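S.K.: Sharing a structure below in structure tokens format, with a few things to ask.
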Amino acid sequence: MANRSFNRLQALDKEIKIIHGQFAVGTTGAPTLSESKSVGVKSITRNSAGDYSLILGVPSGDTDKYSHFFGAYFDIQKSTAIGSTAGGVGFQLQGAPDVSDTGQIDFFSLKSNGDEADPGDNETIHFMIVLKNSSLPG
């Protein structure tokens with residue numbers, strides 16, 4: 001379990017945690033995590049075009065693990081509409097996130113036809129992740 005200093009969140013289930021953050025996309029699709037705006041996120045990496053892995057934890061520190069993954073939500077910040085060739089039109093989780101063992105969440109950035117593609121240069125991706133930090137039922 002993650003051992004962090006969390007503030008209260010009202011929920012019917014026990015120990016619900018919300019982690020939010022953002023990263024900028026570079027010219028080669030490489031992500032740069034905004035550490036000050038992504039508390040609870042250790043790192044983000046690009047595996048291939050439109051394929052990313054996010055690790056929960058402390059930058060340059062420990063990985064945080066959680067007992068359950070409820071969901072992740074992604075938004076793109078861009079000054080114009082997304083074209084048909086750029087990623088970021090949608091996002092998709094890649095399989096079941098392994099938050100209880102590795103603290104890792106893999107996801108795809110998708111273009112309008114559903115193919116994987118990197119978001120455009122200098123675009124910002126915002127995300128929110130909902131987790132459970134207890135094995136107790138609601």
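Identifiers in this document derive from the order of the structure tokens: chains are assigned A, B, ..., residues are numbered from 1 separately in each chain, and ligands are numbered from 1 in order of occurrence.
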Tell me which protein, DNA and RNA residues are within 6 Å of Glu116 in chain A, counting only C-alpha atoms, leaving out same-chain ones fewer than 3 positions away, and put them as an MDAnalysis selection string.

M.R.: chainID A and resid 50 109:110

S.K.: Might you pull out every residue within 9 Å of His126 in chain A, with only C-alpha atoms counted and same-chain residues fewer than 5 positions away left off, and present them as an MDAnalysis selection string?

M.R.: chainID A and resid 20:24 73:77

S.K.: Would you pick out the contacts of Asp51 in chain A at 8 Å or less, using only C-alpha atoms, so that residues sharing its chain but fewer than 3 positions from it are not included, and give the list as JSON, numbers by chain?

M.R.: {"A": [46, 47, 48, 106, 107, 108, 109, 116, 117, 118]}

S.K.: If you measure from CA of Gly57 in chain A to CA of Ser134 in chain A, what distance in Å do you get, rounded to one decimal?

M.R.: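 These two atoms are separated by 16.5 Å.
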
S.K.: Quote the spacing between CA of Gly71 in chain A and CA of Leu131 in chain A in Å to one decimal place.

M.R.: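 Interatomic distance here is 7.3 Å.
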
S.K.: Mind giving me the straight-line distance from CA of Leu33 in chain A to CA of Asp101 in chain A in Å, one decimal?

M.R.: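 We find that CA of Leu33 in chain A and CA of Asp101 in chain A lie 22.2 Å from each other.
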
S.K.: Please list as a list in words every residue within 7 Å of range 81-86 of chain A, counting only C-alpha atoms and excluding residues in the same chain fewer than 2 positions away.

M.R.: Gly88, Val89, Lys111, Ser112, Ala117, Asp118, Pro119 and Gly120 of chain A

S.K.: Show which residues sit within 9 Å of Ile105 in chain A, as a list in words. Count only C-alpha atoms, and ignore same-chain residues fewer than 6 positions away.

M.R.: Tyr52, Ser53, Leu54, Ile55, Leu56, Ala72, Leu93, Gln94, Gly95, Ala96, Pro97, Asp98 and Val99 of chain A

S.K.: With only C-alpha atoms as the counted atoms, please give the residues lying no more than 12 Å from Gly61 in chain A, apart from itself and same-chain residues fewer than 2 positions off, as an MDAnalysis selection string.

M.R.: chainID A and resid 40:43 55:59 63:64

S.K.: Kindly indicate which residue among A:Gly26, A:Pro137, A:Pro31, A:Gly114 lies nearest to Phe91 in chain A, using only C-alpha atoms for the distances.

M.R.: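 Comparing A:Gly26, A:Pro137, A:Pro31, A:Gly114 against Phe91 in chain A, the winner is A:Gly114.
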